[in-house]
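*Asks:* You'll find model37.cif just under this line, and it carries mmCIF, C-alpha atoms and all ligand atoms.
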data_model
#
loop_
_atom_site.label_atom_id
_atom_site.label_comp_id
_atom_site.auth_asym_id
_atom_site.auth_seq_id
_atom_site.Cartn_x
_atom_site.Cartn_y
_atom_site.Cartn_z
CA MET R 1 0.00 0.00 0.00
CA ASN R 2 1.05 3.61 -0.68
CA ILE R 3 0.92 5.78 2.42
CA LEU R 4 0.97 9.57 2.75
CA LEU R 5 2.00 10.78 6.20
CA LEU R 6 1.23 14.42 7.07
CA GLY R 7 3.41 16.44 9.43
CA SER R 8 7.01 17.39 10.06
CA GLY R 9 7.94 16.79 13.71
CA GLY R 10 9.47 14.13 15.93
CA ARG R 11 6.14 12.34 16.23
CA GLU R 12 5.94 12.03 12.45
CA ASP R 13 9.55 10.83 12.22
CA ALA R 14 8.68 8.02 14.66
CA LEU R 15 5.48 7.20 12.75
CA ALA R 16 7.38 7.18 9.45
CA TRP R 17 10.09 4.91 10.90
CA ARG R 18 7.45 2.47 12.17
CA LEU R 19 5.27 2.60 9.04
CA LYS R 20 8.27 2.00 6.78
CA GLN R 21 9.04 -1.23 8.67
CA SER R 22 5.49 -2.51 8.13
CA PRO R 23 5.22 -5.39 5.62
CA SER R 24 2.14 -3.83 3.99
CA CYS R 25 3.83 -0.46 3.33
CA THR R 26 5.29 -0.42 -0.16
CA ARG R 27 5.79 3.31 -0.57
CA LEU R 28 5.87 6.07 2.04
CA ILE R 29 5.43 9.73 1.14
CA ALA R 30 5.66 12.46 3.78
CA GLY R 31 4.22 15.96 3.47
CA PRO R 32 6.15 18.05 4.19
CA GLY R 33 8.42 15.83 6.32
CA ASN R 34 11.89 16.79 7.59
CA PRO R 35 15.48 15.52 7.13
CA GLY R 36 14.90 12.73 9.68
CA ILE R 37 11.72 11.58 7.96
CA ALA R 38 13.57 11.69 4.62
CA ARG R 39 15.49 8.62 5.84
CA TRP R 40 12.30 6.55 5.55
CA ALA R 41 10.03 8.48 3.18
CA GLU R 42 9.95 10.63 0.06
CA CYS R 43 9.31 14.17 1.31
CA VAL R 44 6.95 16.39 -0.68
CA GLU R 45 6.42 20.14 -0.10
CA ILE R 46 2.78 20.68 0.92
CA ASP R 47 0.65 22.57 3.43
CA PRO R 48 -0.77 19.67 5.48
CA CYS R 49 -3.68 21.89 6.61
CA ASP R 50 -4.94 22.45 3.05
CA PRO R 51 -7.56 19.73 2.42
CA THR R 52 -7.70 20.34 -1.34
CA ALA R 53 -3.93 20.09 -1.72
CA VAL R 54 -3.75 16.92 0.38
CA VAL R 55 -6.48 15.20 -1.66
CA ALA R 56 -4.81 16.26 -4.93
CA LEU R 57 -1.43 14.90 -3.80
CA ALA R 58 -3.00 11.63 -2.59
CA GLN R 59 -4.83 11.17 -5.90
CA ARG R 60 -1.79 12.04 -8.00
CA GLU R 61 0.39 9.52 -6.14
CA GLY R 62 -2.21 6.74 -5.89
CA VAL R 63 -2.22 6.86 -2.09
CA ASP R 64 -4.17 4.11 -0.30
CA LEU R 65 -3.93 5.55 3.21
CA VAL R 66 -3.37 9.06 4.58
CA VAL R 67 -2.00 9.15 8.13
CA VAL R 68 -2.38 12.52 9.87
CA GLY R 69 0.26 13.27 12.53
CA PRO R 70 -0.69 16.64 14.08
CA GLU R 71 -4.06 18.03 15.18
CA ALA R 72 -4.24 21.16 13.03
CA PRO R 73 -5.01 19.34 9.72
CA LEU R 74 -7.71 17.34 11.52
CA VAL R 75 -9.37 20.47 12.87
CA ALA R 76 -9.10 21.92 9.33
CA GLY R 77 -11.10 18.99 7.93
CA VAL R 78 -8.36 17.11 6.08
CA ALA R 79 -9.73 13.70 7.13
CA ASP R 80 -13.24 14.68 5.97
CA ALA R 81 -11.88 15.78 2.58
CA CYS R 82 -9.93 12.53 2.12
CA ARG R 83 -12.94 10.39 3.01
CA ALA R 84 -15.21 12.41 0.72
CA ALA R 85 -12.74 11.67 -2.09
CA GLY R 86 -12.78 7.94 -1.24
CA ILE R 87 -9.29 7.91 0.29
CA ALA R 88 -8.82 6.05 3.58
CA CYS R 89 -7.56 8.35 6.31
CA PHE R 90 -6.24 7.58 9.78
CA GLY R 91 -7.49 10.47 11.89
CA PRO R 92 -10.86 11.87 12.97
CA SER R 93 -13.25 14.18 11.13
CA ALA R 94 -13.33 17.85 12.10
CA ALA R 95 -16.35 16.98 14.26
CA GLY R 96 -14.33 14.29 16.04
CA ALA R 97 -11.35 16.63 16.42
CA GLN R 98 -13.48 18.89 18.62
CA LEU R 99 -12.51 16.55 21.46
CA GLU R 100 -9.15 18.31 21.28
CA GLY R 101 -10.08 21.55 19.55
CA SER R 102 -12.68 22.66 22.11
CA LYS R 103 -12.22 22.05 25.81
CA GLY R 104 -15.79 23.22 26.41
CA PHE R 105 -17.14 20.61 23.96
CA THR R 106 -15.29 17.84 25.77
CA LYS R 107 -16.28 19.04 29.24
CA ASP R 108 -19.96 19.17 28.24
CA LEU R 109 -19.74 15.67 26.73
CA CYS R 110 -18.19 14.38 29.98
CA ALA R 111 -20.93 16.05 32.03
CA ARG R 112 -23.69 14.51 29.89
CA HIS R 113 -22.22 11.02 30.11
CA ASP R 114 -20.92 10.98 33.71
CA ILE R 115 -17.31 10.70 32.57
CA PRO R 116 -14.98 11.51 35.50
CA THR R 117 -13.27 14.87 35.00
CA ALA R 118 -12.67 18.10 36.98
CA ALA R 119 -15.76 20.15 37.92
CA TYR R 120 -15.95 23.18 35.60
CA VAL R 121 -17.81 26.16 34.20
CA ARG R 122 -17.75 27.53 30.64
CA ILE R 123 -17.55 31.31 30.47
CA GLU R 124 -17.74 33.83 27.64
CA THR R 125 -16.75 37.16 29.20
CA GLU R 126 -14.04 38.43 31.50
CA ALA R 127 -16.59 39.79 34.00
CA ASP R 128 -18.43 36.47 34.25
CA ALA R 129 -15.11 34.63 34.63
CA LEU R 130 -14.03 36.86 37.52
CA ALA R 131 -17.41 36.35 39.20
CA ALA R 132 -17.28 32.57 38.68
CA LEU R 133 -13.98 32.31 40.55
CA ASP R 134 -15.91 32.48 43.85
CA ARG R 135 -17.28 29.00 43.12
CA PHE R 136 -13.81 27.40 43.13
CA SER R 137 -11.17 26.86 45.76
CA ILE R 138 -7.47 27.63 45.14
CA PRO R 139 -5.53 26.27 43.26
CA VAL R 140 -7.85 26.68 40.28
CA VAL R 141 -7.27 26.02 36.58
CA ILE R 142 -8.04 28.53 33.78
CA LYS R 143 -8.10 27.25 30.18
CA ALA R 144 -8.56 29.02 26.87
CA ASP R 145 -11.11 27.13 24.77
CA GLY R 146 -9.31 26.63 21.44
CA LEU R 147 -6.15 24.84 20.30
CA ALA R 148 -3.25 26.40 22.21
CA ALA R 149 -0.42 23.86 21.84
CA GLY R 150 -0.45 23.22 25.59
CA LYS R 151 0.15 26.88 26.36
CA GLY R 152 -3.42 28.06 27.01
CA VAL R 153 -3.62 26.60 30.53
CA THR R 154 -2.88 28.37 33.83
CA VAL R 155 -2.79 26.42 37.06
CA ALA R 156 -3.28 29.39 39.41
CA MET R 157 -1.85 28.94 42.89
CA SER R 158 -3.54 32.11 44.22
CA ARG R 159 -6.67 34.13 43.59
CA GLU R 160 -4.49 36.98 42.23
CA GLU R 161 -2.85 34.65 39.71
CA ALA R 162 -6.28 33.37 38.63
CA GLU R 163 -7.56 36.92 38.14
CA ALA R 164 -4.45 37.87 36.18
CA ALA R 165 -4.89 34.87 33.87
CA ILE R 166 -8.53 35.80 33.25
CA ARG R 167 -7.64 39.45 32.56
CA ALA R 168 -4.85 38.37 30.20
CA ALA R 169 -7.32 36.16 28.30
CA GLY R 170 -9.91 38.97 28.06
CA ASP R 171 -13.40 38.29 26.65
CA GLY R 172 -13.86 35.02 24.79
CA PRO R 173 -14.55 31.39 25.61
CA LEU R 174 -12.83 30.11 28.76
CA VAL R 175 -13.14 27.04 30.93
CA ILE R 176 -12.51 27.39 34.67
CA GLU R 177 -12.05 24.11 36.46
CA GLU R 178 -11.31 22.41 39.72
CA PHE R 179 -7.65 21.56 40.42
CA LEU R 180 -7.12 17.80 40.44
CA GLU R 181 -4.49 16.28 42.65
CA GLY R 182 -2.52 13.21 41.64
CA GLU R 183 -0.01 11.93 39.13
CA GLU R 184 -0.56 12.37 35.40
CA ALA R 185 -0.40 9.55 32.86
CA SER R 186 -1.32 9.29 29.20
CA LEU R 187 -3.37 6.50 27.69
CA PHE R 188 -3.50 5.93 23.93
CA ALA R 189 -6.43 4.07 22.36
CA LEU R 190 -7.38 3.22 18.80
CA VAL R 191 -11.01 4.12 18.23
CA ASP R 192 -13.38 3.35 15.40
CA GLY R 193 -16.96 4.40 16.10
CA PRO R 194 -18.10 2.87 19.39
CA ARG R 195 -15.11 0.51 19.52
CA ALA R 196 -12.00 1.46 21.52
CA VAL R 197 -8.85 -0.58 22.12
CA ALA R 198 -6.04 0.54 24.43
CA ILE R 199 -2.60 0.42 22.83
CA ALA R 200 -0.09 1.85 25.28
CA SER R 201 0.54 4.15 28.22
CA ALA R 202 3.21 6.81 28.62
CA GLN R 203 4.25 9.66 30.84
CA ASP R 204 5.74 12.87 29.58
CA HIS R 205 7.46 15.83 31.22
CA LYS R 206 5.73 19.05 30.24
CA ARG R 207 7.79 21.58 32.21
CA VAL R 208 11.00 22.89 30.71
CA GLY R 209 13.09 22.58 33.88
CA GLU R 210 14.43 19.71 35.94
CA GLY R 211 12.24 18.58 38.81
CA ASP R 212 9.21 19.59 36.67
CA THR R 213 9.72 23.33 37.15
CA GLY R 214 9.43 26.36 34.84
CA PRO R 215 7.03 27.03 31.98
CA ASN R 216 5.04 24.38 30.13
CA THR R 217 6.36 23.05 26.83
CA GLY R 218 5.06 20.58 24.27
CA GLY R 219 6.98 17.92 26.25
CA MET R 220 10.68 17.53 27.15
CA GLY R 221 10.78 13.75 27.31
CA ALA R 222 8.62 10.68 27.79
CA TYR R 223 8.72 7.02 28.56
CA SER R 224 6.48 4.07 27.88
CA PRO R 225 4.97 2.15 29.54
CA ALA R 226 3.88 4.23 32.54
CA PRO R 227 3.77 1.63 35.34
CA VAL R 228 1.77 4.07 37.50
CA LEU R 229 -1.15 3.33 35.17
CA THR R 230 -1.51 -0.25 36.36
CA PRO R 231 -3.51 -2.74 34.27
CA GLU R 232 -6.42 -2.25 36.71
CA LEU R 233 -6.34 1.54 36.39
CA GLU R 234 -5.97 1.29 32.62
CA ALA R 235 -9.02 -0.99 32.39
CA ARG R 236 -10.95 1.42 34.59
CA ALA R 237 -9.95 4.43 32.46
CA MET R 238 -11.06 2.58 29.32
CA ARG R 239 -14.37 1.57 30.90
CA GLU R 240 -15.21 4.88 32.60
CA ILE R 241 -13.64 7.41 30.23
CA VAL R 242 -12.54 6.29 26.75
CA GLU R 243 -15.29 3.77 25.90
CA PRO R 244 -18.20 6.03 26.96
CA THR R 245 -16.61 8.84 24.93
CA ALA R 246 -16.41 6.65 21.83
CA ARG R 247 -20.03 5.59 22.31
CA ALA R 248 -21.18 9.16 22.88
CA MET R 249 -19.46 10.39 19.71
CA ALA R 250 -20.97 7.53 17.67
CA ASP R 251 -24.44 8.09 19.14
CA ALA R 252 -24.24 11.79 18.29
CA GLY R 253 -23.69 10.89 14.62
CA THR R 254 -20.06 12.04 14.72
CA PRO R 255 -18.20 8.74 15.15
CA PHE R 256 -14.56 9.10 16.07
CA SER R 257 -11.90 7.31 14.03
CA GLY R 258 -8.20 7.38 14.81
CA VAL R 259 -6.16 7.55 17.98
CA LEU R 260 -7.61 9.07 21.12
CA PHE R 261 -5.00 10.23 23.60
CA ALA R 262 -6.45 10.63 27.08
CA GLY R 263 -4.46 12.82 29.48
CA LEU R 264 -5.42 11.39 32.87
CA MET R 265 -5.00 12.51 36.44
CA LEU R 266 -4.74 9.49 38.73
CA THR R 267 -6.60 10.90 41.73
CA ALA R 268 -7.43 9.23 45.04
CA ALA R 269 -10.93 8.71 43.61
CA GLY R 270 -9.64 7.01 40.44
CA PRO R 271 -8.56 8.20 36.97
CA LYS R 272 -10.08 11.49 35.81
CA LEU R 273 -9.84 13.03 32.35
CA ILE R 274 -7.72 16.19 32.13
CA GLU R 275 -7.94 16.51 28.36
CA TYR R 276 -8.20 14.63 25.12
CA ASN R 277 -5.93 14.88 22.12
CA VAL R 278 -7.03 13.38 18.83
CA ARG R 279 -3.57 12.33 17.61
CA PHE R 280 -0.47 10.70 19.04
CA GLY R 281 1.44 12.69 21.67
CA ASP R 282 4.76 14.26 20.93
CA PRO R 283 7.17 13.00 22.42
CA GLU R 284 5.02 10.09 23.69
CA CYS R 285 4.76 8.72 20.14
CA GLU R 286 8.54 8.54 19.82
CA ALA R 287 8.65 6.42 22.99
CA ILE R 288 5.72 4.21 22.01
CA MET R 289 6.57 3.38 18.38
CA PRO R 290 9.65 1.24 19.20
CA ARG R 291 7.46 -0.95 21.42
CA ILE R 292 4.77 -1.71 18.81
CA GLU R 293 5.11 -5.03 17.04
CA GLY R 294 3.46 -6.37 13.91
CA ASP R 295 2.16 -4.65 10.80
CA PHE R 296 1.44 -1.14 12.08
CA ALA R 297 0.45 0.20 8.65
CA ALA R 298 -2.14 -2.57 8.26
CA LEU R 299 -3.49 -1.77 11.73
CA LEU R 300 -3.94 1.94 10.94
CA HIS R 301 -5.57 1.01 7.61
CA ALA R 302 -8.04 -1.26 9.42
CA VAL R 303 -8.98 1.52 11.86
CA ALA R 304 -9.33 3.98 8.98
CA THR R 305 -11.61 1.71 6.93
CA GLY R 306 -13.83 0.31 9.68
CA ALA R 307 -12.34 -3.19 9.38
CA PRO R 308 -11.94 -5.32 12.52
CA PHE R 309 -8.72 -4.75 14.45
CA ASP R 310 -7.07 -5.86 17.68
CA ALA R 311 -4.61 -4.13 19.96
CA PRO R 312 -1.05 -4.55 18.64
CA SER R 313 1.36 -6.66 20.64
CA LEU R 314 3.86 -4.61 22.55
CA SER R 315 7.43 -5.50 23.27
CA ARG R 316 8.22 -5.94 26.96
CA ASP R 317 10.97 -3.37 26.62
CA THR R 318 10.74 0.06 28.14
CA SER R 319 11.44 2.99 25.93
CA MET R 320 12.52 6.53 26.77
CA THR R 321 12.71 9.69 24.68
CA VAL R 322 14.82 12.67 25.73
CA ILE R 323 14.12 15.89 23.85
CA ILE R 324 17.01 18.13 22.91
CA ALA R 325 15.54 21.60 22.45
CA ALA R 326 17.07 24.84 21.18
CA LEU R 327 18.31 27.25 23.87
CA GLY R 328 15.52 29.68 24.69
CA TYR R 329 12.68 27.17 24.16
CA PRO R 330 9.77 27.49 24.97
CA GLY R 331 10.28 31.28 24.75
CA THR R 332 12.29 32.50 21.78
CA PRO R 333 14.55 29.64 20.71
CA VAL R 334 17.88 30.09 18.97
CA LYS R 335 17.73 28.90 15.35
CA GLY R 336 20.33 27.63 12.96
CA GLY R 337 22.84 25.79 15.19
CA ARG R 338 24.74 22.95 13.54
CA ILE R 339 24.30 19.37 14.79
CA THR R 340 26.86 16.59 14.46
CA GLY R 341 27.40 13.18 16.04
CA LEU R 342 24.00 11.74 15.09
CA GLY R 343 25.66 8.71 13.48
CA ARG R 344 27.69 8.07 16.64
CA ALA R 345 24.52 8.30 18.73
CA GLU R 346 22.60 5.87 16.55
CA ALA R 347 25.49 3.38 16.63
CA ILE R 348 24.64 2.82 20.31
CA ASP R 349 22.52 -0.28 20.86
CA GLY R 350 18.78 0.46 21.03
CA ILE R 351 19.02 4.12 19.94
CA THR R 352 17.06 5.96 17.28
CA VAL R 353 17.30 9.74 17.01
CA PHE R 354 14.08 11.19 15.62
CA HIS R 355 14.19 14.68 14.10
CA ALA R 356 11.72 17.20 15.51
CA GLY R 357 13.03 20.58 14.33
CA THR R 358 15.82 20.23 11.78
CA SER R 359 16.69 21.20 8.25
CA SER R 360 19.68 20.22 6.17
CA ASP R 361 22.23 21.86 3.91
CA ASP R 362 25.20 20.43 1.98
CA GLN R 363 27.21 20.20 5.20
CA GLY R 364 24.64 18.36 7.29
CA ILE R 365 21.91 18.96 9.82
CA ILE R 366 20.90 22.34 11.29
CA SER R 367 18.42 23.19 14.05
CA THR R 368 15.27 25.10 13.15
CA GLY R 369 14.55 25.91 16.82
CA GLY R 370 11.93 24.61 19.28
CA ARG R 371 12.19 20.92 20.02
CA VAL R 372 15.00 19.75 17.76
CA LEU R 373 15.82 16.08 18.39
CA ALA R 374 13.99 13.22 20.12
CA VAL R 375 16.69 10.82 21.31
CA THR R 376 14.94 7.51 21.86
CA ALA R 377 16.32 4.44 23.62
CA ARG R 378 15.00 0.96 24.26
CA GLY R 379 16.05 -1.04 27.27
CA SER R 380 14.93 -4.06 29.24
CA THR R 381 14.33 -1.68 32.17
CA LEU R 382 13.64 2.04 32.41
CA ARG R 383 17.06 2.51 33.97
CA GLU R 384 18.77 0.82 31.03
CA ALA R 385 16.74 2.89 28.54
CA ARG R 386 17.61 6.06 30.48
CA ASP R 387 21.34 5.25 30.60
CA ARG R 388 21.42 4.57 26.86
CA ALA R 389 19.41 7.68 26.02
CA TYR R 390 21.81 9.97 27.92
CA GLN R 391 24.84 8.14 26.52
CA ALA R 392 23.47 9.03 23.07
CA VAL R 393 22.68 12.62 24.11
CA ASP R 394 26.28 13.00 25.25
CA VAL R 395 27.81 12.08 21.88
CA ILE R 396 25.61 14.52 19.98
CA ASP R 397 27.29 17.84 19.33
CA PHE R 398 24.77 20.69 19.32
CA GLU R 399 26.02 23.83 21.04
CA ASP R 400 22.71 25.67 20.89
CA GLY R 401 20.78 22.83 22.50
CA PHE R 402 19.80 21.70 25.99
CA CYS R 403 17.90 18.82 27.53
CA ARG R 404 16.51 17.84 30.90
CA ARG R 405 18.75 15.30 32.61
CA ASP R 406 15.99 13.85 34.79
CA ILE R 407 13.51 12.30 32.36
CA GLY R 408 11.74 9.42 34.11
CA TRP R 409 12.63 10.62 37.61
CA ARG R 410 9.35 9.72 39.30
CA GLU R 411 9.41 6.17 38.06
CA LEU R 412 13.16 5.78 38.65
CA GLU R 413 12.71 6.94 42.26
CA ARG R 414 9.90 4.47 42.76
CA SER R 415 11.89 1.57 41.36
CA ALA R 416 15.12 2.50 43.23
P1 LIG X 501 -4.03 20.53 29.27
O1 LIG X 501 -3.57 21.38 28.12
O2 LIG X 501 -5.50 20.57 29.52
O3 LIG X 501 -3.44 19.14 29.23
O4 LIG X 501 -3.31 21.15 30.55
C1 LIG X 501 -1.91 21.28 30.62
C2 LIG X 501 -1.43 20.82 31.97
O5 LIG X 501 -2.05 21.59 33.01
C3 LIG X 501 -1.80 19.37 32.29
O6 LIG X 501 -0.91 18.46 31.77
C4 LIG X 501 -1.78 19.40 33.80
O7 LIG X 501 -0.46 19.29 34.29
C5 LIG X 501 -2.29 20.77 34.13
N1 LIG X 501 -3.75 20.70 34.38
C6 LIG X 501 -4.73 20.89 33.48
N2 LIG X 501 -5.94 20.76 34.06
C7 LIG X 501 -5.72 20.46 35.34
C8 LIG X 501 -6.57 20.22 36.48
N3 LIG X 501 -7.91 20.28 36.39
N4 LIG X 501 -6.00 19.95 37.67
C9 LIG X 501 -4.65 19.93 37.79
N5 LIG X 501 -3.80 20.17 36.78
C10 LIG X 501 -4.31 20.43 35.57
N1 LIG X 502 3.19 15.75 24.83
C1 LIG X 502 1.88 16.23 24.91
C2 LIG X 502 1.19 16.38 23.63
O1 LIG X 502 1.57 15.86 22.61
O2 LIG X 502 0.14 17.04 23.62
#
Step by step, read the file and then write its structure as structure tokens.
*Replies:*
Amino acid sequence: MNILLLGSGGREDALAWRLKQSPSCTRLIAGPGNPGIARWAECVEIDPCDPTAVVALAQREGVDLVVVGPEAPLVAGVADACRAAGIACFGPSAAGAQLEGSKGFTKDLCARHDIPTAAYVRIETEADALAALDRFSIPVVIKADGLAAGKGVTVAMSREEAEAAIRAAGDGPLVIEEFLEGEEASLFALVDGPRAVAIASAQDHKRVGEGDTGPNTGGMGAYSPAPVLTPELEARAMREIVEPTARAMADAGTPFSGVLFAGLMLTAAGPKLIEYNVRFGDPECEAIMPRIEGDFAALLHAVATGAPFDAPSLSRDTSMTVIIAALGYPGTPVKGGRITGLGRAEAIDGITVFHAGTSSDDQGIISTGGRVLAVTARGSTLREARDRAYQAVDVIDFEDGFCRRDIGWRELERSA
């Protein structure tokens, strides 16, 4: 089968790497891709958020399956356009993508179907938001309603901070919600209509600084599995959160198809939904892909076409991804630094270096800023994966980069 993968980050490099190893993948095209993805796919210049351009490319190249990496093309209706043109697409419709695109939509769905999540109110104006604060204790969480790449959320530790966040947001849709206490874990499920199958768990590190301090980022590192999400808790999260969501979407006439990524808070009262994403996590995907066995391309095709599918088998290995970001990230990152030593890093057993923000010239690889590399290691234990990942980080030469040295710390402390 011919596959077109949309996107250009570390998540897409990991997806491309895994798809290319699938027996049913004969040709892999990536739009627009990056120099890492170019190792496994033919990269084609395209705006992945332009439904007409995506359909035209897929038709021109005889594509059998479009796999959408990031959320923006889904919200823009790329999956709808592909399906309307008779092209199988892994990823939800724009209606399904509301589970990520609108926090208010998801909160209302949870309320209607008794899905455990933080108590909340939806607000439209600054004045109403300030008044609604009285109904919550501190800490309290303020969220902008649209896609914000993880940056539209304030966990306010004081009333003053909450008011400042509301004033900074101004008028416009907001969600104010109860602060949930516990440890976070991510659960990934393949969903087709009312059917949902768990594939893997992961934990990421959203804060830029060691010890989980400093501003939020897209994610500075991840590992899979997340043992804190025990098989019992995972089954409970599927039963109480993911499966009722899949049924609710199907019953509403907007069946979900693709991967549903549930961000969970493991509270004393059980798992509660923090948020949904309608695509694989980045960098969780980089950590999960090396653990997935079997014909991954065939699996995604089955989900996309409504054919029966089972959960993939997972290797018993643990996998860890350490992000190397450009200095300044998540503020104003330095661009253009040269990167060498990638070959040395990948010569280490169990290492793959996925490219998140790179370009290339005739002398090699250059950073384009933001998250730049996703150094991924497999190991028989988390400790072994961690040691290999940092061994690889240490042979990569990238002056303008930095990474957190403590990825996996919670789990490593627990297993010490
Ligand atoms: P979100 O974009 O909704 O995932 O929020 C970003 C981060 O804010 C989450 O990963 C949590 O660490 C934190 N967060 C969001 N909502 C809550 C909540 N209700 N209680 C505690 N922390 C939260
Ligand atoms: N790493 C979190 C996300 O992909 O949204």
*Asks:* Could you make a table, as JSON lines, of the residues of chain R that have an atom within 6 Å of an atom of ligand LIG 501 (chain X), each with its nearest atom pair and distance in Å to one decimal, counting all atoms listed in the file, in chain and number order?
*Replies:*
{"residue": "R:Ala118", "atom": "CA", "partner": "X:LIG501", "partner_atom": "N3", "distance": 5.3}
{"residue": "R:Val141", "atom": "CA", "partner": "X:LIG501", "partner_atom": "N3", "distance": 5.8}
{"residue": "R:Gly150", "atom": "CA", "partner": "X:LIG501", "partner_atom": "O1", "distance": 4.4}
{"residue": "R:Val153", "atom": "CA", "partner": "X:LIG501", "partner_atom": "O4", "distance": 5.5}
{"residue": "R:Glu177", "atom": "CA", "partner": "X:LIG501", "partner_atom": "N3", "distance": 5.6}
{"residue": "R:Glu178", "atom": "CA", "partner": "X:LIG501", "partner_atom": "N3", "distance": 5.2}
{"residue": "R:Phe179", "atom": "CA", "partner": "X:LIG501", "partner_atom": "N4", "distance": 3.6}
{"residue": "R:Leu180", "atom": "CA", "partner": "X:LIG501", "partner_atom": "N4", "distance": 3.7}
{"residue": "R:Ile274", "atom": "CA", "partner": "X:LIG501", "partner_atom": "N2", "distance": 5.3}
{"residue": "R:Glu275", "atom": "CA", "partner": "X:LIG501", "partner_atom": "O2", "distance": 4.9}
*Asks:* So that I can see what lies close to Ala16 in chain R, please list as a PyMOL selection string the residues with an atom at most 12 Å from it, counting all atoms listed in the file and leaving out residues fewer than 2 positions away in the same chain.
*Replies:* chain R and resi 3-14+18-22+25+27-31+33-43+66-69+285-286+289-290+296-297+354-355
*Asks:* Please extract the residues at most 7 Å from ligand LIG 502 (chain X), counting all atoms listed in the file, and provide them as a short mmCIF file (atom, residue, chain, number, x, y, z; two decimals) with C-alpha atoms, in the coordinates of the input, using the chain letters and residue numbers of this document.
*Replies:*
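Saved the output as result_14.cif:
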data_model
loop_
_atom_site.label_atom_id
_atom_site.label_comp_id
_atom_site.auth_asym_id
_atom_site.auth_seq_id
_atom_site.Cartn_x
_atom_site.Cartn_y
_atom_site.Cartn_z
CA GLY R 150 -0.45 23.22 25.59
CA ASP R 204 5.74 12.87 29.58
CA LYS R 206 5.73 19.05 30.24
CA GLY R 218 5.06 20.58 24.27
CA GLY R 219 6.98 17.92 26.25
CA ASN R 277 -5.93 14.88 22.12
CA PHE R 280 -0.47 10.70 19.04
CA GLY R 281 1.44 12.69 21.67
CA ASP R 282 4.76 14.26 20.93
CA PRO R 283 7.17 13.00 22.42
CA GLU R 284 5.02 10.09 23.69
#
*Asks:* In terms of the shortest atom-to-atom distance over all atoms listed in the file, which of R:Tyr329, R:Trp17, R:Tyr390, R:Trp409 is closest to Pro215 in chain R?
*Replies:*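 Comparing R:Tyr329, R:Trp17, R:Tyr390, R:Trp409 against Pro215 in chain R, the winner is R:Tyr329.
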*Asks:* Near Arg60 in chain R, counting all atoms listed in the file, which residues have an atom at most 12 Å away, once you skip same-chain residues fewer than 3 positions from it, shown as number ranges by chain?
*Replies:* R: 2, 4, 29, 53-57, 63-64, 87
*Asks:* Nearest to Arg207 in chain R: which of R:Phe309, R:Pro330, R:Leu342, R:Ala58 is it, counting all atoms listed in the file?
*Replies:* R:Pro330
*Asks:* Which protein, DNA or RNA residues are at most 10 Å from (-16.3, 16.4, 13.7) in the file's coordinates when you count all atoms listed in the file, listed as a CSV table (one decimal) with C-alpha atoms, in the frame of the given file?
*Replies:*
chain,number,residue,atom,x,y,z
R,74,LEU,CA,-7.7,17.3,11.5
R,75,VAL,CA,-9.4,20.5,12.9
R,77,GLY,CA,-11.1,19.0,7.9
R,79,ALA,CA,-9.7,13.7,7.1
R,80,ASP,CA,-13.2,14.7,6.0
R,92,PRO,CA,-10.9,11.9,13.0
R,93,SER,CA,-13.2,14.2,11.1
R,94,ALA,CA,-13.3,17.8,12.1
R,95,ALA,CA,-16.4,17.0,14.3
R,96,GLY,CA,-14.3,14.3,16.0
R,97,ALA,CA,-11.4,16.6,16.4
R,98,GLN,CA,-13.5,18.9,18.6
R,99,LEU,CA,-12.5,16.6,21.5
R,101,GLY,CA,-10.1,21.6,19.6
R,249,MET,CA,-19.5,10.4,19.7
R,253,GLY,CA,-23.7,10.9,14.6
R,254,THR,CA,-20.1,12.0,14.7
R,255,PRO,CA,-18.2,8.7,15.2
R,256,PHE,CA,-14.6,9.1,16.1
*Asks:* Would you list the contacts of Thr352 in chain R as a list in words, taking every protein, DNA or RNA residue within 7 Å and counting only C-alpha atoms, but skipping same-chain residues closer than 2 positions in sequence?
*Replies:*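 So the residues in contact are Glu346, Gly350, Phe354, Val375, Thr376 and Ala377 of chain R.
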*Asks:* By how many Å are CA of Met1 in chain R and CA of Ser24 in chain R apart?
*Replies:*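 Going from CA of Met1 in chain R over to CA of Ser24 in chain R covers 5.9 Å.
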*Asks:* With distances taken over all atoms listed in the file, which residue among R:Ala416, R:Ala127, R:Met220, R:Val278 lies nearest Thr381 in chain R?
*Replies:*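 For Thr381 in chain R, the nearest of the given residues is R:Ala416.
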*Asks:* Hey, can you check how far CA of Ser137 in chain R sits from CA of Leu233 in chain R?
*Replies:*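 One can read the CA of Ser137 in chain R to CA of Leu233 in chain R distance as 27.4 Å.
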*Asks:* Mind giving me the straight-line distance from CA of Lys272 in chain R to CA of Ala287 in chain R in Å, one decimal?
*Replies:*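 The value is 23.3 Å.
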*Asks:* Taking all atoms listed in the file into account, name the residue in R:Ala165, R:Ala385, R:Ile176, R:Ile339 that is nearest to Phe136 in chain R.
*Replies:*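 Checking each candidate against Phe136 in chain R, we get R:Ile176 as the closest.
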*Asks:* Go through range 121-147 of chain R and flag each residue having an atom no more than 9 Å from range 161-164 of chain R; for those, report the closest pair of atoms plus their distance in Å to one decimal, using all atoms listed in the file, ordered by chain and rising number, as a Markdown table.
*Replies:*
| residue | atom | partner | partner_atom | distance |
| --- | --- | --- | --- | --- |
| R:Ala129 | CA | R:Glu163 | CA | 8.6 |
| R:Leu130 | CA | R:Glu163 | CA | 6.5 |
| R:Leu133 | CA | R:Ala162 | CA | 8.0 |
| R:Ile138 | CA | R:Ala162 | CA | 8.8 |
| R:Pro139 | CA | R:Ala162 | CA | 8.5 |
| R:Val140 | CA | R:Ala162 | CA | 7.1 |
| R:Val141 | CA | R:Ala162 | CA | 7.7 |
| R:Ile142 | CA | R:Ala162 | CA | 7.1 |
